[in-house]
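Working notes, structure below.
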Amino acid sequence: MRVALLSDIHANLPALEAVLDALVPYDAVWQLGDCVGYGPEPDAVVERLRSEGAIGIRGNHEAAALGQIDVAWFNEDARTAIAWTAAHLSAATRAWLAALPERRVEGGFTLVHGSPRDPTWEYVHSAPVARANLSVLTTSHALLGHTHEPRVFREDDGRVETLAPGHDSVLELDARRALINPGSVGQPRDGDPRASAALLDTEARTVRWVRVPYPIGEVQARMRQTGLPARLIERLDAGL
Ligand code: ZN
């Protein structure tokens, strides 16, 4: 089975469409949270995911937009975007988001947004944080997002190695435990503004990353119309 791995789409429909086009052919879509928040088209993004039969989990932005967690933990721009998102979700979108679990195990992979030990909030940015999470992982591999950076943290002979996959990088899955982040579709933060995603091949046991250009100006124009914060609009150009 070929699985499109998508995380942190953040209501960015042109970026979602671009990565799905780039990952064809795929058999399934797994999303790793933060489908909404920051971007201008939450309903259209969720509608596309529903039409793809996507499965997945909820992120901190879904939880906040649905009023399940306190928005005091977010910075000011994020809070503004969450308030806008909460006010603009259709009933169908809310129902779809509300049904997402905090974690799930699918085909031997753990799916979480942040980390295995703290799925909603923890950022796996560093080898020490990765090591602590690898030690509580109940499957060989976890698929996660939240940092908006394509990364792999893999146990190797007692050490944790960090990989930063770029376009067309391929990871061969083996017995070594690993935390695997496809990067962010809708708001990359590793200095490359192109949308990031990955393709998991469960038979070949590989993960391949893609970086895909998309019409950033279109999304920025839609964000300006909605009145979303200028800093959220500008950061898309820089990929930061
Ligand atoms: Zn996010």
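Quick note on naming: the chains in the structure tokens go A, B, ... in the order shown, residues restart at 1 in each chain, and ligands are numbered from 1 in order of appearance.
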
Let me have all residues with an atom within 6 Å of ligand 1, counting only C-alpha atoms and all ligand atoms, laid out as a ChimeraX atom specification. /A:8,34,146

Quick one: everything within 7 Å of Arg103 of chain A, counting only C-alpha atoms, minus sequence neighbours fewer than 4 positions away in the same chain. Send it as number ranges by chain. A: 57, 111-112, 119

Write the residues of the selection above to a file with C-alpha atoms, as a PDB file, in the first residue's frame.
ATOM      1  CA  ILE A  57      -5.449  12.253  14.264  1.00  0.00           C
ATOM      2  CA  LEU A 111       0.235   8.235  14.451  1.00  0.00           C
ATOM      3  CA  VAL A 112       0.435  11.316  16.701  1.00  0.00           C
ATOM      4  CA  PRO A 119       0.479  13.907  21.375  1.00  0.00           C
TER       5      PRO A 119
END

Could you go through segment 32-233 of chain A and tell me which residues DSSP, when run on the backbone, assigns to strand (DSSP E), listing them as a PyMOL selection string? chain A and resi 55-56+104-106+109-111+141-143+151-156+159-163+170-172+178-181+195-201+206-212

Output file for the residues above (N, CA and C atoms, as a compact mmCIF listing (two decimals), in the first residue's frame):
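Written file, selection07.txt:
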# COMPACT_ATOMS: atom_id res chain seq x y z
N ILE A 55 -7.62 9.24 6.82
CA ILE A 55 -7.73 8.96 8.24
C ILE A 55 -6.64 9.74 8.95
N GLY A 56 -6.72 9.82 10.26
CA GLY A 56 -5.64 10.53 10.95
C GLY A 56 -5.99 10.86 12.37
N ARG A 104 -3.49 7.05 17.08
CA ARG A 104 -3.99 5.78 16.60
C ARG A 104 -2.82 4.96 16.09
N VAL A 105 -3.02 3.66 16.03
CA VAL A 105 -2.02 2.77 15.46
C VAL A 105 -2.61 2.20 14.18
N GLU A 106 -1.84 2.33 13.10
CA GLU A 106 -2.35 1.96 11.78
C GLU A 106 -1.24 1.16 11.08
N PHE A 109 2.15 1.34 12.62
CA PHE A 109 2.72 2.68 12.81
C PHE A 109 1.87 3.44 13.84
N THR A 110 2.55 4.13 14.77
CA THR A 110 1.85 5.02 15.70
C THR A 110 1.70 6.38 15.04
N LEU A 111 0.49 6.90 15.01
CA LEU A 111 0.24 8.24 14.45
C LEU A 111 -0.08 9.20 15.60
N HIS A 141 7.81 2.25 14.68
CA HIS A 141 7.90 3.55 14.05
C HIS A 141 6.72 4.44 14.43
N ALA A 142 6.99 5.74 14.60
CA ALA A 142 5.92 6.71 14.80
C ALA A 142 5.95 7.72 13.67
N LEU A 143 4.78 8.15 13.26
CA LEU A 143 4.63 9.20 12.25
C LEU A 143 4.07 10.42 12.98
N ARG A 151 11.91 15.55 9.31
CA ARG A 151 12.98 14.99 10.13
C ARG A 151 12.77 13.50 10.35
N VAL A 152 13.87 12.82 10.61
CA VAL A 152 13.81 11.45 11.13
C VAL A 152 14.74 11.39 12.33
N PHE A 153 14.25 10.82 13.43
CA PHE A 153 15.08 10.53 14.61
C PHE A 153 15.08 9.01 14.75
N ARG A 154 16.27 8.41 14.60
CA ARG A 154 16.34 6.95 14.55
C ARG A 154 17.34 6.43 15.56
N GLU A 155 16.91 5.40 16.29
CA GLU A 155 17.81 4.73 17.24
C GLU A 155 18.83 3.93 16.46
N ASP A 156 20.11 4.11 16.82
CA ASP A 156 21.13 3.35 16.12
C ASP A 156 22.23 3.01 17.11
N ARG A 159 22.54 5.16 20.13
CA ARG A 159 22.52 6.60 19.88
C ARG A 159 21.23 6.95 19.13
N VAL A 160 20.93 8.25 19.08
CA VAL A 160 19.81 8.70 18.26
C VAL A 160 20.38 9.56 17.15
N GLU A 161 20.20 9.14 15.92
CA GLU A 161 20.69 9.95 14.80
C GLU A 161 19.55 10.78 14.24
N THR A 162 19.90 11.99 13.77
CA THR A 162 18.92 12.93 13.22
C THR A 162 19.16 13.08 11.73
N LEU A 163 18.12 12.88 10.94
CA LEU A 163 18.21 13.06 9.49
C LEU A 163 17.27 14.18 9.08
N VAL A 170 15.02 9.19 0.45
CA VAL A 170 14.32 7.95 0.74
C VAL A 170 14.89 7.34 2.02
N LEU A 171 13.99 6.98 2.94
CA LEU A 171 14.37 6.28 4.16
C LEU A 171 13.95 4.83 4.02
N GLU A 172 14.89 3.91 4.24
CA GLU A 172 14.55 2.48 4.26
C GLU A 172 14.19 2.12 5.69
N ALA A 178 12.12 4.47 14.96
CA ALA A 178 12.30 5.81 14.39
C ALA A 178 11.03 6.65 14.56
N LEU A 179 11.25 7.95 14.71
CA LEU A 179 10.19 8.95 14.68
C LEU A 179 10.32 9.67 13.33
N ILE A 180 9.24 9.68 12.56
CA ILE A 180 9.32 10.14 11.18
C ILE A 180 8.36 11.30 10.97
N ASN A 181 8.90 12.44 10.51
CA ASN A 181 8.08 13.65 10.31
C ASN A 181 8.11 14.02 8.83
N ALA A 195 5.85 23.22 -0.25
CA ALA A 195 5.08 22.28 0.57
C ALA A 195 5.87 20.99 0.76
N SER A 196 5.78 20.42 1.96
CA SER A 196 6.51 19.19 2.29
C SER A 196 5.53 18.07 2.61
N ALA A 197 5.84 16.86 2.14
CA ALA A 197 5.01 15.69 2.43
C ALA A 197 5.86 14.46 2.14
N ALA A 198 5.28 13.28 2.38
CA ALA A 198 6.04 12.05 2.15
C ALA A 198 5.11 10.95 1.69
N LEU A 199 5.71 9.93 1.10
CA LEU A 199 4.96 8.75 0.64
C LEU A 199 5.54 7.52 1.34
N LEU A 200 4.67 6.84 2.10
CA LEU A 200 5.06 5.60 2.76
C LEU A 200 4.64 4.43 1.87
N ASP A 201 5.60 3.55 1.56
CA ASP A 201 5.28 2.32 0.83
C ASP A 201 5.41 1.17 1.81
N THR A 206 9.59 1.71 2.59
CA THR A 206 10.33 2.95 2.36
C THR A 206 9.43 4.16 2.64
N VAL A 207 10.08 5.28 2.94
CA VAL A 207 9.40 6.58 3.00
C VAL A 207 10.18 7.52 2.09
N ARG A 208 9.46 8.18 1.20
CA ARG A 208 10.10 9.14 0.28
C ARG A 208 9.49 10.52 0.49
N TRP A 209 10.35 11.52 0.66
CA TRP A 209 9.89 12.91 0.87
C TRP A 209 9.78 13.65 -0.46
N VAL A 210 8.85 14.60 -0.52
CA VAL A 210 8.77 15.49 -1.68
C VAL A 210 8.70 16.94 -1.18
N ARG A 211 9.24 17.85 -1.96
CA ARG A 211 9.02 19.29 -1.76
C ARG A 211 8.41 19.80 -3.05
N VAL A 212 7.28 20.49 -2.90
CA VAL A 212 6.47 20.83 -4.06
C VAL A 212 6.14 22.32 -4.07

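With only C-alpha atoms as the atoms that count, the minimum distance from Leu49 of chain A to the choices A:Ala81, A:Leu173, A:Val124, A:Leu5 is reached by A:Leu5.
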
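Candidate residues A:Pro101, A:Gly39, A:Gly107, A:Pro14 were compared for distance to Ala78 of chain A, and the nearest is A:Gly39, using only C-alpha atoms.
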
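If only C-alpha atoms are the atoms counted, then among A:Pro40, A:Glu52, A:Ala86, A:Gly183 the closest residue to Gly67 of chain A is A:Ala86.
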
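One finds atom CA of Thr120 of chain A at 5.8 Å from atom CA of Gly59 of chain A.
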
Please identify the helix (DSSP H, G or I) residues within segment 95-222 of chain A (assignment by DSSP from backbone atoms) and present them as a list in words. Ala95, Trp96, Leu97, Ala98, Ala127, Pro128, Val129, Ala130, Arg131, Ala132, Asn133, Leu134, Ile216, Gly217, Glu218, Val219, Gln220, Ala221 and Arg222 of chain A

Pull all heavy atoms from the residues just selected and write them as a compact mmCIF listing (two decimals), in the first residue's frame.
# COMPACT_ATOMS: atom_id res chain seq x y z
N ALA A 95 -17.75 18.38 12.77
CA ALA A 95 -18.04 16.98 13.13
C ALA A 95 -16.88 16.07 12.72
O ALA A 95 -16.49 15.17 13.46
CB ALA A 95 -19.34 16.54 12.45
N TRP A 96 -16.30 16.34 11.55
CA TRP A 96 -15.19 15.51 11.07
C TRP A 96 -13.97 15.70 11.97
O TRP A 96 -13.32 14.73 12.38
CB TRP A 96 -14.86 15.88 9.62
CG TRP A 96 -13.91 14.94 8.94
CD1 TRP A 96 -14.23 13.78 8.31
CD2 TRP A 96 -12.48 15.11 8.80
NE1 TRP A 96 -13.09 13.20 7.80
CE2 TRP A 96 -12.01 13.99 8.08
CE3 TRP A 96 -11.57 16.08 9.20
CZ2 TRP A 96 -10.66 13.82 7.75
CZ3 TRP A 96 -10.22 15.92 8.89
CH2 TRP A 96 -9.78 14.81 8.17
N LEU A 97 -13.68 16.93 12.32
CA LEU A 97 -12.53 17.20 13.18
C LEU A 97 -12.74 16.62 14.59
O LEU A 97 -11.81 16.09 15.20
CB LEU A 97 -12.27 18.71 13.29
CG LEU A 97 -11.87 19.42 11.99
CD1 LEU A 97 -11.78 20.93 12.23
CD2 LEU A 97 -10.54 18.89 11.45
N ALA A 98 -13.98 16.73 15.09
CA ALA A 98 -14.25 16.28 16.46
C ALA A 98 -14.12 14.77 16.58
O ALA A 98 -13.90 14.25 17.68
CB ALA A 98 -15.65 16.72 16.88
N ALA A 127 17.45 15.40 19.54
CA ALA A 127 17.73 14.00 19.83
C ALA A 127 17.36 13.60 21.27
O ALA A 127 16.81 12.52 21.47
CB ALA A 127 19.20 13.69 19.54
N PRO A 128 17.63 14.44 22.29
CA PRO A 128 17.22 14.03 23.64
C PRO A 128 15.71 13.85 23.79
O PRO A 128 15.25 12.90 24.44
CB PRO A 128 17.73 15.19 24.53
CG PRO A 128 18.86 15.78 23.76
CD PRO A 128 18.50 15.65 22.31
N VAL A 129 14.94 14.75 23.20
CA VAL A 129 13.47 14.59 23.27
C VAL A 129 13.05 13.36 22.48
O VAL A 129 12.18 12.58 22.90
CB VAL A 129 12.77 15.86 22.73
CG1 VAL A 129 11.27 15.64 22.62
CG2 VAL A 129 13.07 17.05 23.62
N ALA A 130 13.69 13.13 21.34
CA ALA A 130 13.38 11.95 20.54
C ALA A 130 13.70 10.68 21.32
O ALA A 130 12.91 9.72 21.33
CB ALA A 130 14.17 11.98 19.23
N ARG A 131 14.84 10.66 22.00
CA ARG A 131 15.24 9.46 22.76
C ARG A 131 14.20 9.11 23.83
O ARG A 131 13.80 7.95 23.96
CB ARG A 131 16.59 9.71 23.44
CG ARG A 131 17.10 8.51 24.22
CD ARG A 131 18.29 8.90 25.09
NE ARG A 131 19.37 9.46 24.30
CZ ARG A 131 20.27 8.73 23.63
NH1 ARG A 131 20.22 7.43 23.67
NH2 ARG A 131 21.21 9.32 22.92
N ALA A 132 13.73 10.14 24.55
CA ALA A 132 12.73 9.90 25.59
C ALA A 132 11.44 9.33 24.99
O ALA A 132 10.79 8.48 25.58
CB ALA A 132 12.44 11.20 26.34
N ASN A 133 11.09 9.79 23.81
CA ASN A 133 9.87 9.30 23.17
C ASN A 133 10.05 7.93 22.53
O ASN A 133 9.12 7.12 22.54
CB ASN A 133 9.38 10.33 22.15
CG ASN A 133 8.57 11.42 22.82
OD1 ASN A 133 7.44 11.19 23.22
ND2 ASN A 133 9.17 12.59 22.99
N LEU A 134 11.23 7.66 21.99
CA LEU A 134 11.48 6.33 21.43
C LEU A 134 11.37 5.27 22.52
O LEU A 134 10.94 4.14 22.28
CB LEU A 134 12.87 6.29 20.77
CG LEU A 134 12.94 7.02 19.42
CD1 LEU A 134 14.40 7.32 19.05
CD2 LEU A 134 12.28 6.19 18.32
N ILE A 216 1.91 30.30 -3.74
CA ILE A 216 1.89 30.93 -2.42
C ILE A 216 1.11 32.25 -2.45
O ILE A 216 0.34 32.55 -1.54
CB ILE A 216 3.34 31.16 -1.92
CG1 ILE A 216 4.02 29.82 -1.67
CG2 ILE A 216 3.36 32.03 -0.65
CD1 ILE A 216 5.50 29.92 -1.31
N GLY A 217 1.28 33.02 -3.55
CA GLY A 217 0.60 34.31 -3.65
C GLY A 217 -0.92 34.18 -3.58
O GLY A 217 -1.61 35.06 -3.04
N GLU A 218 -1.45 33.09 -4.13
CA GLU A 218 -2.92 32.87 -4.08
C GLU A 218 -3.39 32.72 -2.65
O GLU A 218 -4.43 33.27 -2.24
CB GLU A 218 -3.26 31.56 -4.80
CG GLU A 218 -3.74 31.72 -6.21
CD GLU A 218 -4.03 30.35 -6.83
OE1 GLU A 218 -4.63 29.48 -6.15
OE2 GLU A 218 -3.63 30.15 -8.00
N VAL A 219 -2.65 31.96 -1.87
CA VAL A 219 -3.04 31.73 -0.48
C VAL A 219 -2.91 33.03 0.31
O VAL A 219 -3.79 33.37 1.11
CB VAL A 219 -2.13 30.66 0.17
CG1 VAL A 219 -2.57 30.40 1.60
CG2 VAL A 219 -2.17 29.39 -0.64
N GLN A 220 -1.82 33.77 0.03
CA GLN A 220 -1.62 35.03 0.74
C GLN A 220 -2.75 36.02 0.43
O GLN A 220 -3.22 36.74 1.31
CB GLN A 220 -0.26 35.61 0.38
CG GLN A 220 0.90 34.78 0.94
CD GLN A 220 2.24 35.25 0.44
OE1 GLN A 220 2.40 35.53 -0.75
NE2 GLN A 220 3.21 35.33 1.33
N ALA A 221 -3.19 36.04 -0.85
CA ALA A 221 -4.29 36.95 -1.22
C ALA A 221 -5.56 36.57 -0.47
O ALA A 221 -6.28 37.45 0.03
CB ALA A 221 -4.51 36.90 -2.73
N ARG A 222 -5.83 35.27 -0.36
CA ARG A 222 -7.04 34.84 0.36
C ARG A 222 -6.92 35.18 1.85
O ARG A 222 -7.91 35.53 2.50
CB ARG A 222 -7.25 33.33 0.18
CG ARG A 222 -7.70 32.98 -1.22
CD ARG A 222 -7.84 31.49 -1.43
NE ARG A 222 -7.60 31.15 -2.83
CZ ARG A 222 -7.55 29.91 -3.31
NH1 ARG A 222 -7.71 28.88 -2.51
NH2 ARG A 222 -7.33 29.69 -4.60

Near-Gly37 of chain A list (7 Å; only C-alpha atoms; drop same-chain fewer than 6 positions) as a list in words: His10, Ala11, His61, Ala81, Ile82 and Thr85 of chain A

Compare A:Arg50, A:His125, A:Arg224, A:Arg194 by their minimum atom-to-atom distance to Tyr38 of chain A, counting only C-alpha atoms, and give me the closest one. A:Arg224

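Going from atom CA of Arg231 of chain A to atom CA of Asn12 of chain A covers 15.6 Å.
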